[in-house]
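What follows is structure-v6.txt (compact mmCIF, N, CA, C and O atoms).
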```txt
# COMPACT_ATOMS: atom_id res chain seq x y z
N MET J 9 -22.14 170.62 19.65
CA MET J 9 -21.04 170.94 18.78
C MET J 9 -19.75 170.95 19.62
O MET J 9 -19.65 171.61 20.64
N LEU J 10 -18.77 170.16 19.19
CA LEU J 10 -17.52 170.07 19.92
C LEU J 10 -16.50 171.08 19.39
O LEU J 10 -16.29 171.18 18.19
N THR J 11 -15.88 171.79 20.31
CA THR J 11 -14.77 172.65 19.90
C THR J 11 -13.51 171.82 19.94
O THR J 11 -13.48 170.72 20.51
N ILE J 12 -12.44 172.31 19.37
CA ILE J 12 -11.17 171.59 19.36
C ILE J 12 -10.65 171.38 20.78
O ILE J 12 -10.10 170.33 21.10
N ILE J 13 -10.84 172.36 21.66
CA ILE J 13 -10.37 172.22 23.05
C ILE J 13 -11.16 171.13 23.77
O ILE J 13 -10.58 170.31 24.48
N THR J 14 -12.46 171.07 23.55
CA THR J 14 -13.28 170.02 24.16
C THR J 14 -12.84 168.66 23.65
O THR J 14 -12.73 167.71 24.41
N PHE J 15 -12.56 168.56 22.37
CA PHE J 15 -12.13 167.29 21.77
C PHE J 15 -10.81 166.83 22.37
O PHE J 15 -10.65 165.67 22.73
N ILE J 16 -9.84 167.74 22.52
CA ILE J 16 -8.55 167.39 23.12
C ILE J 16 -8.74 166.96 24.57
O ILE J 16 -8.16 165.98 25.02
N PHE J 17 -9.59 167.65 25.31
CA PHE J 17 -9.87 167.30 26.69
C PHE J 17 -10.45 165.89 26.78
O PHE J 17 -10.06 165.09 27.64
N ILE J 18 -11.36 165.55 25.90
CA ILE J 18 -11.97 164.22 25.90
C ILE J 18 -10.91 163.16 25.66
O ILE J 18 -10.89 162.13 26.34
N ILE J 19 -10.00 163.39 24.74
CA ILE J 19 -8.93 162.41 24.47
C ILE J 19 -8.04 162.25 25.70
O ILE J 19 -7.66 161.15 26.05
N VAL J 20 -7.70 163.34 26.36
CA VAL J 20 -6.85 163.27 27.56
C VAL J 20 -7.57 162.51 28.66
O VAL J 20 -6.96 161.70 29.35
N VAL J 21 -8.85 162.70 28.83
CA VAL J 21 -9.60 162.01 29.88
C VAL J 21 -9.73 160.53 29.55
O VAL J 21 -9.64 159.68 30.43
N ILE J 22 -9.88 160.18 28.29
CA ILE J 22 -10.05 158.79 27.91
C ILE J 22 -8.79 157.98 28.18
O ILE J 22 -8.84 156.86 28.66
N ARG J 23 -7.63 158.53 27.91
CA ARG J 23 -6.39 157.79 28.11
C ARG J 23 -5.43 158.64 28.93
O ARG J 23 -4.89 159.62 28.44
N THR J 24 -5.23 158.25 30.17
CA THR J 24 -4.37 158.99 31.08
C THR J 24 -3.25 158.06 31.57
O THR J 24 -3.52 156.94 31.98
N VAL J 25 -2.02 158.52 31.51
CA VAL J 25 -0.90 157.75 32.03
C VAL J 25 -0.64 158.23 33.45
O VAL J 25 -0.48 159.42 33.69
N ILE J 26 -0.63 157.30 34.37
CA ILE J 26 -0.41 157.63 35.77
C ILE J 26 0.93 157.04 36.20
O ILE J 26 1.17 155.85 36.04
N LEU J 27 1.80 157.88 36.72
CA LEU J 27 3.08 157.42 37.24
C LEU J 27 2.97 157.39 38.76
O LEU J 27 2.55 158.35 39.37
N LEU J 28 3.34 156.29 39.33
CA LEU J 28 3.18 156.12 40.77
C LEU J 28 4.49 155.77 41.45
O LEU J 28 5.24 154.93 40.96
N ILE J 29 4.72 156.38 42.57
CA ILE J 29 5.76 155.93 43.48
C ILE J 29 5.01 155.37 44.68
O ILE J 29 4.30 156.09 45.36
N VAL J 30 5.15 154.09 44.89
CA VAL J 30 4.40 153.39 45.92
C VAL J 30 5.21 153.34 47.21
O VAL J 30 6.36 152.91 47.22
N ASN J 31 4.60 153.78 48.29
CA ASN J 31 5.20 153.76 49.62
C ASN J 31 4.92 152.39 50.24
O ASN J 31 3.79 152.02 50.46
N LYS J 32 5.98 151.65 50.55
CA LYS J 32 5.82 150.30 51.12
C LYS J 32 6.32 150.21 52.56
O LYS J 32 6.60 149.13 53.06
N LEU J 33 6.40 151.36 53.24
CA LEU J 33 6.92 151.37 54.61
C LEU J 33 6.06 150.52 55.54
O LEU J 33 6.59 149.71 56.30
N SER J 34 4.75 150.68 55.50
CA SER J 34 3.90 149.92 56.42
C SER J 34 4.01 148.42 56.16
O SER J 34 4.00 147.61 57.10
N GLU J 35 4.12 148.04 54.90
CA GLU J 35 4.29 146.62 54.54
C GLU J 35 5.59 146.07 55.11
O GLU J 35 5.62 144.98 55.70
N LEU J 36 6.68 146.83 54.96
CA LEU J 36 7.98 146.40 55.48
C LEU J 36 7.97 146.32 57.00
O LEU J 36 8.48 145.36 57.59
N MET J 37 7.37 147.32 57.64
CA MET J 37 7.28 147.30 59.10
C MET J 37 6.46 146.11 59.57
O MET J 37 6.79 145.48 60.58
N GLY J 38 5.41 145.77 58.87
CA GLY J 38 4.59 144.61 59.22
C GLY J 38 5.38 143.31 59.12
O GLY J 38 5.29 142.45 59.99
N LYS J 39 6.16 143.17 58.05
CA LYS J 39 6.99 141.97 57.88
C LYS J 39 8.01 141.82 59.00
O LYS J 39 8.30 140.72 59.44
N LYS J 40 8.55 142.95 59.44
CA LYS J 40 9.56 142.94 60.50
C LYS J 40 8.94 143.06 61.89
O LYS J 40 9.66 143.09 62.88
N ARG J 41 7.60 143.15 61.93
CA ARG J 41 6.85 143.27 63.18
C ARG J 41 7.34 144.45 64.03
O ARG J 41 7.58 144.32 65.24
N LEU J 42 7.48 145.58 63.37
CA LEU J 42 7.93 146.79 64.05
C LEU J 42 6.77 147.76 64.24
O LEU J 42 5.92 147.90 63.35
N LYS J 43 6.75 148.42 65.38
CA LYS J 43 5.77 149.47 65.64
C LYS J 43 6.35 150.81 65.20
O LYS J 43 7.56 150.93 65.00
N ILE J 44 5.49 151.78 65.07
CA ILE J 44 5.94 153.12 64.71
C ILE J 44 6.98 153.61 65.71
O ILE J 44 8.02 154.17 65.33
N SER J 45 6.73 153.38 66.98
CA SER J 45 7.68 153.84 68.01
C SER J 45 9.05 153.17 67.85
O SER J 45 10.08 153.80 68.12
N ASP J 46 9.08 151.92 67.41
CA ASP J 46 10.36 151.23 67.18
C ASP J 46 11.15 151.94 66.08
O ASP J 46 12.36 152.14 66.19
N VAL J 47 10.46 152.29 65.00
CA VAL J 47 11.12 152.95 63.87
C VAL J 47 11.57 154.36 64.25
O VAL J 47 12.65 154.79 63.85
N VAL J 48 10.78 155.05 65.05
CA VAL J 48 11.16 156.39 65.52
C VAL J 48 12.46 156.32 66.31
O VAL J 48 13.39 157.10 66.08
N VAL J 49 12.56 155.35 67.22
CA VAL J 49 13.76 155.21 68.06
C VAL J 49 14.96 154.81 67.21
O VAL J 49 16.04 155.40 67.32
N LYS J 50 14.79 153.83 66.33
CA LYS J 50 15.91 153.33 65.52
C LYS J 50 16.39 154.34 64.50
O LYS J 50 17.57 154.41 64.19
N SER J 51 15.47 155.14 63.93
CA SER J 51 15.84 156.06 62.85
C SER J 51 16.20 157.45 63.33
O SER J 51 16.92 158.18 62.65
N GLY J 52 15.67 157.85 64.48
CA GLY J 52 15.88 159.21 64.96
C GLY J 52 14.99 160.23 64.26
O GLY J 52 15.15 161.43 64.44
N LEU J 53 14.04 159.75 63.47
CA LEU J 53 13.11 160.64 62.78
C LEU J 53 12.01 161.10 63.73
O LEU J 53 11.73 160.44 64.74
N ALA J 54 11.37 162.21 63.39
CA ALA J 54 10.24 162.69 64.18
C ALA J 54 9.08 161.70 64.05
O ALA J 54 8.86 161.12 62.99
N ARG J 55 8.37 161.51 65.14
CA ARG J 55 7.23 160.58 65.14
C ARG J 55 6.23 160.94 64.03
O ARG J 55 5.72 160.06 63.34
N ASN J 56 5.95 162.22 63.88
CA ASN J 56 4.99 162.65 62.87
C ASN J 56 5.44 162.24 61.46
O ASN J 56 4.61 161.84 60.63
N THR J 57 6.72 162.30 61.18
CA THR J 57 7.25 161.90 59.87
C THR J 57 6.98 160.43 59.62
O THR J 57 6.49 160.05 58.55
N VAL J 58 7.27 159.60 60.60
CA VAL J 58 7.06 158.16 60.44
C VAL J 58 5.57 157.84 60.33
O VAL J 58 5.16 157.03 59.51
N VAL J 59 4.75 158.50 61.13
CA VAL J 59 3.29 158.28 61.10
C VAL J 59 2.74 158.63 59.72
O VAL J 59 1.96 157.86 59.13
N GLU J 60 3.11 159.78 59.19
CA GLU J 60 2.61 160.21 57.88
C GLU J 60 3.04 159.25 56.77
O GLU J 60 2.26 158.93 55.88
N LEU J 61 4.27 158.79 56.83
CA LEU J 61 4.75 157.82 55.83
C LEU J 61 4.05 156.47 56.00
O LEU J 61 3.64 155.85 55.03
N TYR J 62 3.92 156.02 57.22
CA TYR J 62 3.29 154.74 57.52
C TYR J 62 1.86 154.68 56.98
O TYR J 62 1.45 153.70 56.40
N HIS J 63 1.13 155.76 57.18
CA HIS J 63 -0.27 155.79 56.76
C HIS J 63 -0.46 156.25 55.31
O HIS J 63 -1.59 156.35 54.84
N GLY J 64 0.65 156.54 54.63
CA GLY J 64 0.57 156.92 53.23
C GLY J 64 0.02 158.32 53.00
O GLY J 64 -0.50 158.62 51.92
N ARG J 65 0.14 159.17 53.98
CA ARG J 65 -0.39 160.54 53.86
C ARG J 65 0.68 161.56 53.49
O ARG J 65 0.35 162.71 53.23
N ALA J 66 1.94 161.15 53.48
CA ALA J 66 3.02 162.09 53.18
C ALA J 66 2.96 162.50 51.71
O ALA J 66 2.75 161.67 50.83
N LYS J 67 3.14 163.77 51.46
CA LYS J 67 3.11 164.30 50.09
C LYS J 67 4.47 164.13 49.42
O LYS J 67 4.58 164.13 48.21
N GLY J 68 5.51 164.02 50.21
CA GLY J 68 6.85 163.87 49.68
C GLY J 68 7.79 163.40 50.78
O GLY J 68 7.42 163.35 51.95
N VAL J 69 8.99 163.05 50.38
CA VAL J 69 9.97 162.58 51.35
C VAL J 69 11.36 162.95 50.82
O VAL J 69 11.60 162.89 49.62
N ASN J 70 12.25 163.36 51.72
CA ASN J 70 13.59 163.74 51.26
C ASN J 70 14.55 162.57 51.38
O ASN J 70 14.27 161.56 52.03
N PHE J 71 15.71 162.71 50.75
CA PHE J 71 16.69 161.63 50.71
C PHE J 71 17.24 161.29 52.10
O PHE J 71 17.50 160.13 52.39
N GLU J 72 17.40 162.29 52.95
CA GLU J 72 17.91 162.03 54.29
C GLU J 72 16.94 161.14 55.08
O GLU J 72 17.36 160.22 55.78
N THR J 73 15.65 161.38 54.92
CA THR J 73 14.64 160.55 55.59
C THR J 73 14.70 159.13 55.07
O THR J 73 14.67 158.17 55.85
N LEU J 74 14.78 158.97 53.76
CA LEU J 74 14.88 157.63 53.17
C LEU J 74 16.14 156.91 53.65
O LEU J 74 16.10 155.72 53.94
N ASP J 75 17.24 157.65 53.72
CA ASP J 75 18.49 157.07 54.19
C ASP J 75 18.37 156.57 55.63
O ASP J 75 18.78 155.44 55.94
N LYS J 76 17.79 157.39 56.49
CA LYS J 76 17.62 156.99 57.90
C LYS J 76 16.70 155.78 58.02
O LYS J 76 16.95 154.89 58.84
N LEU J 77 15.64 155.74 57.23
CA LEU J 77 14.74 154.59 57.26
C LEU J 77 15.45 153.32 56.78
O LEU J 77 15.29 152.25 57.38
N CYS J 78 16.22 153.43 55.71
CA CYS J 78 16.93 152.27 55.19
C CYS J 78 17.92 151.70 56.21
O CYS J 78 17.99 150.49 56.40
N VAL J 79 18.65 152.60 56.86
CA VAL J 79 19.61 152.14 57.88
C VAL J 79 18.87 151.51 59.06
O VAL J 79 19.22 150.42 59.52
N ALA J 80 17.83 152.16 59.54
CA ALA J 80 17.08 151.67 60.70
C ALA J 80 16.41 150.33 60.43
O ALA J 80 16.32 149.49 61.32
N LEU J 81 15.93 150.13 59.20
CA LEU J 81 15.20 148.90 58.87
C LEU J 81 16.08 147.83 58.24
O LEU J 81 15.61 146.75 57.91
N GLY J 82 17.36 148.14 58.04
CA GLY J 82 18.28 147.16 57.47
C GLY J 82 17.96 146.81 56.03
O GLY J 82 18.09 145.64 55.64
N CYS J 83 17.59 147.79 55.27
CA CYS J 83 17.22 147.55 53.86
C CYS J 83 18.46 147.25 53.02
O CYS J 83 19.52 147.84 53.23
N GLU J 84 18.31 146.35 52.08
CA GLU J 84 19.37 146.10 51.11
C GLU J 84 19.20 147.01 49.89
O GLU J 84 20.15 147.25 49.16
N SER J 85 17.98 147.50 49.70
CA SER J 85 17.68 148.33 48.55
C SER J 85 16.58 149.32 48.91
O SER J 85 15.71 149.01 49.72
N LEU J 86 16.62 150.48 48.28
CA LEU J 86 15.58 151.48 48.50
C LEU J 86 14.21 150.96 48.07
O LEU J 86 13.19 151.37 48.60
N SER J 87 14.20 150.03 47.14
CA SER J 87 12.93 149.48 46.65
C SER J 87 12.17 148.70 47.71
O SER J 87 11.02 148.34 47.50
N GLU J 88 12.77 148.45 48.84
CA GLU J 88 12.05 147.82 49.94
C GLU J 88 11.10 148.82 50.61
O GLU J 88 10.12 148.42 51.23
N ILE J 89 11.40 150.12 50.47
CA ILE J 89 10.58 151.15 51.08
C ILE J 89 9.69 151.85 50.05
O ILE J 89 8.53 152.11 50.31
N VAL J 90 10.24 152.17 48.90
CA VAL J 90 9.47 152.81 47.83
C VAL J 90 9.70 152.06 46.53
O VAL J 90 10.76 151.48 46.30
N GLU J 91 8.68 152.09 45.69
CA GLU J 91 8.77 151.40 44.40
C GLU J 91 8.13 152.28 43.33
O GLU J 91 7.09 152.90 43.56
N PHE J 92 8.75 152.31 42.17
CA PHE J 92 8.19 153.07 41.04
C PHE J 92 7.39 152.13 40.17
O PHE J 92 7.86 151.06 39.79
N LYS J 93 6.17 152.53 39.87
CA LYS J 93 5.32 151.76 38.97
C LYS J 93 4.75 152.71 37.93
O LYS J 93 4.39 153.84 38.24
N GLN J 94 4.67 152.25 36.71
CA GLN J 94 4.02 153.04 35.67
C GLN J 94 2.80 152.26 35.21
O GLN J 94 2.91 151.11 34.81
N GLU J 95 1.67 152.89 35.32
CA GLU J 95 0.43 152.23 34.94
C GLU J 95 -0.31 153.11 33.94
O GLU J 95 -0.25 154.32 34.02
N VAL J 96 -0.97 152.46 33.03
CA VAL J 96 -1.83 153.19 32.11
C VAL J 96 -3.26 152.91 32.52
O VAL J 96 -3.69 151.76 32.61
N GLU J 97 -3.98 153.97 32.81
CA GLU J 97 -5.36 153.84 33.21
C GLU J 97 -6.23 154.33 32.06
O GLU J 97 -6.05 155.43 31.54
N VAL J 98 -7.15 153.51 31.64
CA VAL J 98 -8.05 153.88 30.56
C VAL J 98 -9.40 154.19 31.15
O VAL J 98 -10.02 153.36 31.80
N LYS J 99 -9.85 155.42 30.96
CA LYS J 99 -11.16 155.84 31.47
C LYS J 99 -12.13 155.91 30.31
O LYS J 99 -11.77 156.31 29.22
N SER J 100 -13.34 155.52 30.57
CA SER J 100 -14.34 155.61 29.50
C SER J 100 -15.42 156.62 29.79
O SER J 100 -15.52 157.15 30.83
```
Now, as a test, write the supplied structure out as structure tokens.
Amino acid sequence: MLTIITFIFIIVVIRTVILLIVNKLSELMGKKRLKISDVVVKSGLARNTVVELYHGRAKGVNFETLDKLCVALGCESLSEIVEFKQEVEVKS
């Protein structure tokens, strides 16, 4: 016997909208053939900050960090480092 709460939960699980901000730092560094140490020197950021972003383990990033990365990597747009994607994932 399904309760109303169980029914609502099932509907939420079946159709979930996932919003993603994709970190493309490692891809950009690869294209420019830059090592982590190169980006640390050029940006003035802490090595740990660059490592966490490079490996996609960072939980968040502030605007100052993004600004330093953009300047150091010669970005024309922030979308070279991060990209917003909206995907709908359907679970069965």
- Message: Could you tell me how far CA of Val47 in chain J sits from atom O of Ala80 in chain J, in Å to one decimal place?
- Response: 6.7 Å
- What gap, in Å, lies between atom O of Lys32 in chain J and CA of Glu91 in chain J? 9.2 Å
- Task: Between atom N of Glu84 in chain J and CA of Lys67 in chain J, measure the distance and give it in Å to one decimal.
- Result: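 Taking atom N of Glu84 in chain J as the start and CA of Lys67 in chain J as the end point, the length is 23.6 Å.
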- Select all residues near (13.3, 157.6, 61.9) (cut-off 10 Å, inclusive, file coordinates), counting only C-alpha atoms, and output them as a list in words.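 Neighbouring residues, ordered by chain and number, come to Ile44, Ser45, Asp46, Val47, Val48, Val49, Lys50, Ser51, Gly52, Leu53, Ala54, Arg55, Asn56, Thr57, Val58, Glu72, Thr73, Leu74, Asp75, Lys76, Leu77, Cys78, Val79, Ala80 and Leu81 of chain J.
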- Message: Going by DSSP on the backbone, which residues of range 35-99 of chain J come out as strand (DSSP E or B)? List them as an MDAnalysis selection string.
- Response: chainID J and resid 90:98
For the residues in that selection, give me N, CA, C and O atoms as an mmCIF file, in the coordinates of the input.
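And here's again.cif as it stands now:
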```cif
data_model
loop_
_atom_site.group_PDB
_atom_site.id
_atom_site.type_symbol
_atom_site.label_atom_id
_atom_site.label_comp_id
_atom_site.auth_asym_id
_atom_site.auth_seq_id
_atom_site.Cartn_x
_atom_site.Cartn_y
_atom_site.Cartn_z
ATOM 1 N N VAL J 90 10.240 152.170 48.900
ATOM 2 C CA VAL J 90 9.470 152.810 47.830
ATOM 3 C C VAL J 90 9.700 152.060 46.530
ATOM 4 O O VAL J 90 10.760 151.480 46.300
ATOM 5 N N GLU J 91 8.680 152.090 45.690
ATOM 6 C CA GLU J 91 8.770 151.400 44.400
ATOM 7 C C GLU J 91 8.130 152.280 43.330
ATOM 8 O O GLU J 91 7.090 152.900 43.560
ATOM 9 N N PHE J 92 8.750 152.310 42.170
ATOM 10 C CA PHE J 92 8.190 153.070 41.040
ATOM 11 C C PHE J 92 7.390 152.130 40.170
ATOM 12 O O PHE J 92 7.860 151.060 39.790
ATOM 13 N N LYS J 93 6.170 152.530 39.870
ATOM 14 C CA LYS J 93 5.320 151.760 38.970
ATOM 15 C C LYS J 93 4.750 152.710 37.930
ATOM 16 O O LYS J 93 4.390 153.840 38.240
ATOM 17 N N GLN J 94 4.670 152.250 36.710
ATOM 18 C CA GLN J 94 4.020 153.040 35.670
ATOM 19 C C GLN J 94 2.800 152.260 35.210
ATOM 20 O O GLN J 94 2.910 151.110 34.810
ATOM 21 N N GLU J 95 1.670 152.890 35.320
ATOM 22 C CA GLU J 95 0.430 152.230 34.940
ATOM 23 C C GLU J 95 -0.310 153.110 33.940
ATOM 24 O O GLU J 95 -0.250 154.320 34.020
ATOM 25 N N VAL J 96 -0.970 152.460 33.030
ATOM 26 C CA VAL J 96 -1.830 153.190 32.110
ATOM 27 C C VAL J 96 -3.260 152.910 32.520
ATOM 28 O O VAL J 96 -3.690 151.760 32.610
ATOM 29 N N GLU J 97 -3.980 153.970 32.810
ATOM 30 C CA GLU J 97 -5.360 153.840 33.210
ATOM 31 C C GLU J 97 -6.230 154.330 32.060
ATOM 32 O O GLU J 97 -6.050 155.430 31.540
ATOM 33 N N VAL J 98 -7.150 153.510 31.640
ATOM 34 C CA VAL J 98 -8.050 153.880 30.560
ATOM 35 C C VAL J 98 -9.400 154.190 31.150
ATOM 36 O O VAL J 98 -10.020 153.360 31.800
#
```
Write out as a JSON list (two decimals) with N, CA, C and O atoms, in the frame of the given file the residues lying within 7 Å of Val90 in chain J, counting all atoms listed in the file and excluding same-chain residues fewer than 6 positions away.
```
[["chain", "number", "residue", "atom", "x", "y", "z"],
["J", 29, "ILE", "N", 4.72, 156.38, 42.57],
["J", 29, "ILE", "CA", 5.76, 155.93, 43.48],
["J", 29, "ILE", "C", 5.01, 155.37, 44.68],
["J", 29, "ILE", "O", 4.30, 156.09, 45.36],
["J", 30, "VAL", "N", 5.15, 154.09, 44.89],
["J", 30, "VAL", "CA", 4.40, 153.39, 45.92],
["J", 30, "VAL", "C", 5.21, 153.34, 47.21],
["J", 30, "VAL", "O", 6.36, 152.91, 47.22],
["J", 31, "ASN", "N", 4.60, 153.78, 48.29],
["J", 31, "ASN", "CA", 5.20, 153.76, 49.62],
["J", 31, "ASN", "C", 4.92, 152.39, 50.24],
["J", 31, "ASN", "O", 3.79, 152.02, 50.46],
["J", 32, "LYS", "N", 5.98, 151.65, 50.55],
["J", 32, "LYS", "CA", 5.82, 150.30, 51.12],
["J", 32, "LYS", "C", 6.32, 150.21, 52.56],
["J", 32, "LYS", "O", 6.60, 149.13, 53.06],
["J", 33, "LEU", "N", 6.40, 151.36, 53.24],
["J", 33, "LEU", "CA", 6.92, 151.37, 54.61],
["J", 33, "LEU", "C", 6.06, 150.52, 55.54],
["J", 33, "LEU", "O", 6.59, 149.71, 56.30]]
```
May I have the centre and edge lengths, in Å to one decimal, of an axis-aligned box around the listed atoms of range 38-43 of chain J with 8 Å added to every side, as AutoDock Vina command-line options?
```
--center_x 7.1 --center_y 145.8 --center_z 61.8 --size_x 21.1 --size_y 26.2 --size_z 23.8
```
- Per-residue DSSP, range 18-77 of chain J, filtered to alpha helix (DSSP H), as a ChimeraX atom specification: /J:18-22,33-39,44-51,55-62,71-77
